[in-house]
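Here is the structure we will look at, set down as structure tokens.
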There are 2 protein chains.
Amino acid sequence: MEKKISMAVIRRLPRYYRYLNDLLKNSVKRISSSELSERMGITASQIRQDLNCFGGFGQQGYGYNVEFLNSEIGKILGVDRRFNTIIVGAGNMGNALANYANFKKRGYDLIGIFDISPERVGKEINGIRIFHMDMLDAFLEKNRVDIAILTVPSGNISEVAEKVTALGVKGIWNFSPQDLKVSSDVVVENVHLSDGLAVLGYRLKELG
Amino acid sequence: MEKKISMAVIRRLPRYYRYLNDLLKNSVKRISSSELSERMGITASQIRQDLNCFGGFGQQGYGYNVEFLNSEIGKILGVDRRFNTIIVGAGNMGNALANYANFKKRGYDLIGIFDISPERVGKEINGIRIFHMDMLDAFLEKNRVDIAILTVPSGNISEVAEKVTALGVKGIWNFSPQDLKVSSDVVVENVHLSDGLAVLGYRLKELG
């Protein structure tokens with residue numbers, strides 16, 4: 001897969017992957033773009049366009065081979081890879097994420113949780129002990145960490161991001177409301193939950 | 001604003017709105033598509049295309065009037081509206097969302113929280129009491145609720161969604177991993193946190 005796929009398409013792949021996984025579980029062997037469109041609420045032409053990016057897995061009159069398409073998208077997304085992951089910030093969101101069993105299933109191994117609150121440090125979430133932030137440097141020197149999930153307040157986010165990336169973390173999943181800017185050898189996904197809520201509000205308004 | 005704007009554009013509007021708000025706070029009066037592109041990490045041509053949907057607010061050689069554009073996007077998104085909101089499921093995610101102060105600022109008034117756990121019922125989150133699910137019917141009959149935020153396990157999600165929509169809730173923000181299908185007079189935004197993580201994994205892999 002040498003061809004460069006646009007980020008807009010990449011961002012839709014996890015969704016295709018979820019639906020294809022469901023189809024596989026239900027022993028569906030093939031599916032047309034129009035059936036997939038119906039299920040996913042994406043237009044059939046968008047689906048054909050997206051899936052053509054990988055070299056046209058669909059066949060006229062046959063549709064897509066679910067298992068093959070699922071496996072190809074899985075390869076592109078790199079779902080067979082494992083990532084060592086830490087969470088910085090053990091508040092409600094950090095707790096919710098630490099307890100999200102799906103992450104492990106999807107290749108994200110939680111190996112450390114960090115916080116500054118004396119009430120949290122020393123406790124465990126999902127079998128993982130919460131360390132004080134003072135231990136972060138030593139931890140990152142000893143352990144290879146691929147991804148840091150940051151659920152710290154906006155005011156601290158830049159400082160924490162600089163700290164973890166200086167110590168070799170290459171991926172940041174940022175839950176603070178403030179978008180993070182990082183150097184080009186680090187990747188960040190900024191989560192903005194309230195964007196989804198704003199879209200919901202818009203759609204409610206349109207509903208009348 | 002009679003023209004129909006595609007959902008793909010609508011989904012980018014909250015992001016424009018956030019950036020424009022930041023610019024306003026920093027007293028920036030006007031901005032070119034290329035400057036905005038630089039800040040937001042969206043191509044300038046995409047920005048021009050998106051913003052042209054609303055009738056071309058940009059002027060050649062001047063750029064966009066930040067205040068005007070911000071106000072227009074705000075109107076489209078309906079940011080001046082207020083929505084009565086409840087949370088069903090007072091676990092970690094429900095707690096995190098109930099404590100998210102931005103929601104109130106953005107027009108979402110949390111008026112009730114519901115759960116089935118005896119350990120949670122009767123307690124308060126952010127000043128809002130947690131009621132038992134048995135009270136939900138009576139609550140929805142007495143109070144107009146626009147949006148239900150559902151943070152219940154996948155196994156219960158369809159049942160809870162049917163219950164709240166039968167009693168008049170028109171908007172659902174679904175945090176369970178399972179996409180919800182609802183009737184056409186109800187709108188749902190399904191949140192799939194792990195999709196973002198999958199994209200992060202992909203980008204890490206591409207980084208090499």
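Ligands are numbered from 1 in the order shown, chains are lettered A, B, ... in the order of the structure tokens, and residues start at 1 in each chain.
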Exercise for review: Do a neighbour search on Val182 (chain B) at 9 Å with only C-alpha atoms, toss out local chain neighbours closer than 4 positions, and write the hits as JSON, numbers by chain.
Suggested key: {"B": [161, 162, 165, 186, 187, 188]}
Deliver the residues from the most recent selection as a file, using N, CA and C atoms, as a tab-separated table (two decimals), in the first residue's frame.
```tsv
chain	number	residue	atom	x	y	z
B	161	ALA	N	-32.47	4.17	25.11
B	161	ALA	CA	-32.75	5.11	24.02
B	161	ALA	C	-34.24	5.09	23.67
B	162	GLU	N	-34.82	3.90	23.61
B	162	GLU	CA	-36.26	3.80	23.30
B	162	GLU	C	-37.09	4.48	24.37
B	165	THR	N	-36.73	8.40	24.14
B	165	THR	CA	-37.34	8.98	22.95
B	165	THR	C	-38.87	8.82	22.98
B	186	VAL	N	-35.74	11.80	15.51
B	186	VAL	CA	-34.79	11.89	16.63
B	186	VAL	C	-33.40	11.98	16.03
B	187	VAL	N	-32.52	12.77	16.63
B	187	VAL	CA	-31.15	12.83	16.12
B	187	VAL	C	-30.19	12.21	17.15
B	188	VAL	N	-29.22	11.50	16.64
B	188	VAL	CA	-28.23	10.84	17.48
B	188	VAL	C	-26.84	11.23	17.04
```
Exercise for review: Just need the residues of chain A within 6 Å of chain B, counting only C-alpha atoms, so spit them out as a list of chain:residue names.
Suggested key: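 In the required form, that comes to A:Pro14, A:Leu77, A:Asn92, A:Met93, A:Ala96, A:Asp195, A:Tyr202.
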Only N, CA and C atoms, please: the residues just picked out, written as a compact mmCIF listing (two decimals), in the first residue's frame.
```
# COMPACT_ATOMS: atom_id res chain seq x y z
N PRO A 14 -11.66 3.90 10.70
CA PRO A 14 -12.05 3.17 11.91
C PRO A 14 -13.53 2.82 11.92
N LEU A 77 -4.70 0.46 8.99
CA LEU A 77 -4.77 1.10 10.31
C LEU A 77 -3.70 0.55 11.26
N ASN A 92 -11.96 11.94 36.53
CA ASN A 92 -13.05 11.13 35.99
C ASN A 92 -12.77 10.63 34.58
N MET A 93 -12.26 11.53 33.73
CA MET A 93 -12.01 11.13 32.35
C MET A 93 -10.89 10.10 32.29
N ALA A 96 -12.33 6.87 33.38
CA ALA A 96 -13.20 6.29 32.36
C ALA A 96 -12.36 5.61 31.28
N ASP A 195 -17.52 19.45 20.41
CA ASP A 195 -17.82 19.62 18.97
C ASP A 195 -18.99 18.72 18.56
N TYR A 202 -27.07 21.56 16.51
CA TYR A 202 -27.43 22.02 15.17
C TYR A 202 -28.53 21.14 14.57
```
Exercise for review: Identify, with DSSP run on backbone atoms, the residues in region 91-190 of chain B assigned to alpha helix (DSSP H), and express the list as JSON, numbers by chain.
Suggested key: {"B": [92, 93, 94, 95, 96, 97, 98, 102, 103, 104, 105, 136, 137, 138, 139, 140, 141, 142, 154, 155, 156, 157, 158, 159, 160, 161, 162, 163, 164, 165, 166]}
Exercise for review: Excluding Ser37 (chain B) and any residue of its chain fewer than 4 positions from it, enumerate the residues within 12 Å of it, using only C-alpha atoms, and give them as a PyMOL selection string.
Suggested key: chain B and resi 16+19+31-33+41-48+50
Can I get the selection written as a compact mmCIF listing (two decimals), in the first residue's frame, with all heavy atoms?
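Wrote it out as again_1.txt, contents follow:
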```
# COMPACT_ATOMS: atom_id res chain seq x y z
N TYR B 16 -14.10 25.56 13.47
CA TYR B 16 -13.93 26.95 13.05
C TYR B 16 -14.36 27.87 14.18
O TYR B 16 -13.68 28.84 14.50
CB TYR B 16 -14.78 27.27 11.80
CG TYR B 16 -14.24 26.70 10.51
CD1 TYR B 16 -14.94 25.73 9.81
CD2 TYR B 16 -13.04 27.17 9.97
CE1 TYR B 16 -14.46 25.21 8.61
CE2 TYR B 16 -12.55 26.65 8.78
CZ TYR B 16 -13.26 25.67 8.11
OH TYR B 16 -12.78 25.16 6.93
N TYR B 19 -11.78 28.20 16.92
CA TYR B 19 -10.61 29.00 16.53
C TYR B 19 -10.96 30.48 16.42
O TYR B 19 -10.19 31.34 16.83
CB TYR B 19 -10.02 28.46 15.22
CG TYR B 19 -9.03 27.36 15.48
CD1 TYR B 19 -9.47 26.04 15.62
CD2 TYR B 19 -7.67 27.62 15.64
CE1 TYR B 19 -8.58 25.02 15.89
CE2 TYR B 19 -6.77 26.59 15.91
CZ TYR B 19 -7.23 25.30 16.03
OH TYR B 19 -6.34 24.29 16.31
N ILE B 31 -8.59 37.84 9.31
CA ILE B 31 -7.63 36.75 9.09
C ILE B 31 -7.81 36.21 7.68
O ILE B 31 -8.93 36.12 7.16
CB ILE B 31 -7.80 35.63 10.15
CG1 ILE B 31 -6.61 34.67 10.11
CG2 ILE B 31 -9.13 34.89 9.98
CD1 ILE B 31 -6.43 33.85 11.35
N SER B 32 -6.69 35.87 7.05
CA SER B 32 -6.75 35.31 5.70
C SER B 32 -6.97 33.80 5.80
O SER B 32 -6.70 33.20 6.84
CB SER B 32 -5.45 35.59 4.96
OG SER B 32 -4.39 34.90 5.59
N SER B 33 -7.42 33.22 4.69
CA SER B 33 -7.62 31.77 4.72
C SER B 33 -6.29 31.05 4.95
O SER B 33 -6.25 29.99 5.57
CB SER B 33 -8.29 31.29 3.43
OG SER B 33 -7.62 31.77 2.30
N GLY B 41 -4.57 23.73 10.68
CA GLY B 41 -4.14 22.49 10.04
C GLY B 41 -5.16 21.96 9.04
O GLY B 41 -5.31 20.76 8.86
N ILE B 42 -5.91 22.86 8.42
CA ILE B 42 -6.84 22.52 7.34
C ILE B 42 -6.31 23.28 6.12
O ILE B 42 -5.84 24.41 6.28
CB ILE B 42 -8.28 22.99 7.66
CG1 ILE B 42 -8.82 22.30 8.91
CG2 ILE B 42 -9.22 22.77 6.49
CD1 ILE B 42 -10.25 22.67 9.26
N THR B 43 -6.38 22.71 4.92
CA THR B 43 -5.84 23.44 3.77
C THR B 43 -6.66 24.71 3.52
O THR B 43 -7.86 24.76 3.79
CB THR B 43 -5.87 22.59 2.47
OG1 THR B 43 -7.24 22.37 2.12
CG2 THR B 43 -5.17 21.26 2.66
N ALA B 44 -5.96 25.74 2.99
CA ALA B 44 -6.62 27.02 2.73
C ALA B 44 -7.77 26.84 1.74
O ALA B 44 -8.80 27.51 1.85
CB ALA B 44 -5.61 28.04 2.21
N SER B 45 -7.59 25.93 0.78
CA SER B 45 -8.65 25.77 -0.22
C SER B 45 -9.88 25.12 0.42
O SER B 45 -11.01 25.46 0.08
CB SER B 45 -8.15 24.99 -1.43
OG SER B 45 -8.29 23.61 -1.24
N GLN B 46 -9.64 24.20 1.36
CA GLN B 46 -10.77 23.62 2.10
C GLN B 46 -11.51 24.70 2.89
O GLN B 46 -12.74 24.74 2.92
CB GLN B 46 -10.24 22.54 3.06
CG GLN B 46 -11.29 21.95 3.99
CD GLN B 46 -12.07 20.83 3.34
OE1 GLN B 46 -11.59 19.72 3.24
NE2 GLN B 46 -13.27 21.15 2.88
N ILE B 47 -10.74 25.56 3.52
CA ILE B 47 -11.34 26.65 4.32
C ILE B 47 -12.20 27.55 3.43
O ILE B 47 -13.35 27.86 3.75
CB ILE B 47 -10.25 27.46 5.04
CG1 ILE B 47 -9.65 26.63 6.18
CG2 ILE B 47 -10.81 28.78 5.57
CD1 ILE B 47 -8.50 27.28 6.91
N ARG B 48 -11.63 27.93 2.27
CA ARG B 48 -12.38 28.81 1.37
C ARG B 48 -13.67 28.13 0.90
O ARG B 48 -14.73 28.73 0.86
CB ARG B 48 -11.52 29.23 0.18
CG ARG B 48 -10.48 30.30 0.56
CD ARG B 48 -9.81 30.89 -0.67
NE ARG B 48 -9.01 29.90 -1.37
CZ ARG B 48 -7.70 29.70 -1.17
NH1 ARG B 48 -7.05 30.43 -0.28
NH2 ARG B 48 -7.05 28.79 -1.84
N ASP B 50 -15.31 25.68 2.41
CA ASP B 50 -16.25 25.57 3.53
C ASP B 50 -16.96 26.89 3.77
O ASP B 50 -18.18 26.95 3.88
CB ASP B 50 -15.51 25.17 4.82
CG ASP B 50 -15.13 23.70 4.86
OD1 ASP B 50 -15.59 22.95 3.98
OD2 ASP B 50 -14.37 23.31 5.76
```
Check your understanding: Residues at most 12 Å from Lys123 (chain B), counting only C-alpha atoms, excluding those fewer than 6 positions away in the same chain, as a list in words?
Key -> Ala90, Asn95, Gly112, Ile113, Phe114, Asp115, Ser117, Arg129, Ile130, Phe131 and His132 of chain B
Check your understanding: Do you have the CA of Val66 (chain B)-CA of Ser27 (chain B) distance handy?
Key ->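 That distance, rounded to one decimal, is 9.3 Å.
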Exercise for review: For Phe68 (chain B), please output as a list in words all residues within 10 Å (counting only C-alpha atoms; exclusion window: fewer than 6 positions along the same chain).
Suggested key: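 The contact residues come out as Leu20, Lys29, Arg30, Phe57 and Gly74 of chain B.
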**Study point:** In region 2-179 of chain B, DSSP strand (DSSP E or B) residues written as a ChimeraX atom specification
**Key:** /B:30-31,59,63-65,83-88,108-115,124-125,128-132,147-150,171-174
Take the residues that were just selected and, keeping C-alpha atoms, output them as a compact mmCIF listing (two decimals), in the first residue's frame.
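Saved the output as part.txt:
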```txt
# COMPACT_ATOMS: atom_id res chain seq x y z
CA ARG B 30 -9.37 39.84 10.39
CA ILE B 31 -7.63 36.75 9.09
CA GLN B 59 -12.88 39.45 0.63
CA GLY B 63 -9.47 38.09 4.41
CA TYR B 64 -12.25 37.22 6.77
CA ASN B 65 -13.79 39.56 9.28
CA PHE B 83 -30.97 22.77 25.71
CA ASN B 84 -32.26 20.93 28.76
CA THR B 85 -30.01 17.94 29.15
CA ILE B 86 -29.92 14.80 31.26
CA ILE B 87 -27.21 12.19 31.74
CA VAL B 88 -28.16 8.53 32.00
CA TYR B 108 -26.48 22.78 27.62
CA ASP B 109 -28.16 22.91 31.02
CA LEU B 110 -27.80 19.68 32.95
CA ILE B 111 -31.06 19.18 34.84
CA GLY B 112 -30.95 15.53 35.83
CA ILE B 113 -28.69 12.49 36.24
CA PHE B 114 -29.94 8.91 36.39
CA ASP B 115 -28.41 5.58 37.35
CA GLU B 124 -24.80 14.61 43.76
CA ILE B 125 -22.49 15.47 40.90
CA ILE B 128 -27.17 17.74 40.51
CA ARG B 129 -28.76 14.85 42.36
CA ILE B 130 -28.56 11.34 40.92
CA PHE B 131 -32.02 9.77 40.65
CA HIS B 132 -32.88 6.11 40.20
CA ILE B 147 -30.96 15.93 24.98
CA ALA B 148 -30.14 12.70 26.78
CA ILE B 149 -26.46 11.89 27.17
CA LEU B 150 -26.25 8.11 27.40
CA GLY B 171 -31.53 14.36 20.81
CA ILE B 172 -29.23 11.58 21.98
CA TRP B 173 -25.51 11.77 22.59
CA ASN B 174 -24.50 8.13 22.67
```
Review point. Can you tell me how far CA of Val121 (chain B) sits from CA of Thr151 (chain A), in Å to one decimal?
Key: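 Atom-to-atom, CA of Val121 (chain B) to CA of Thr151 (chain A), that is 26.4 Å.
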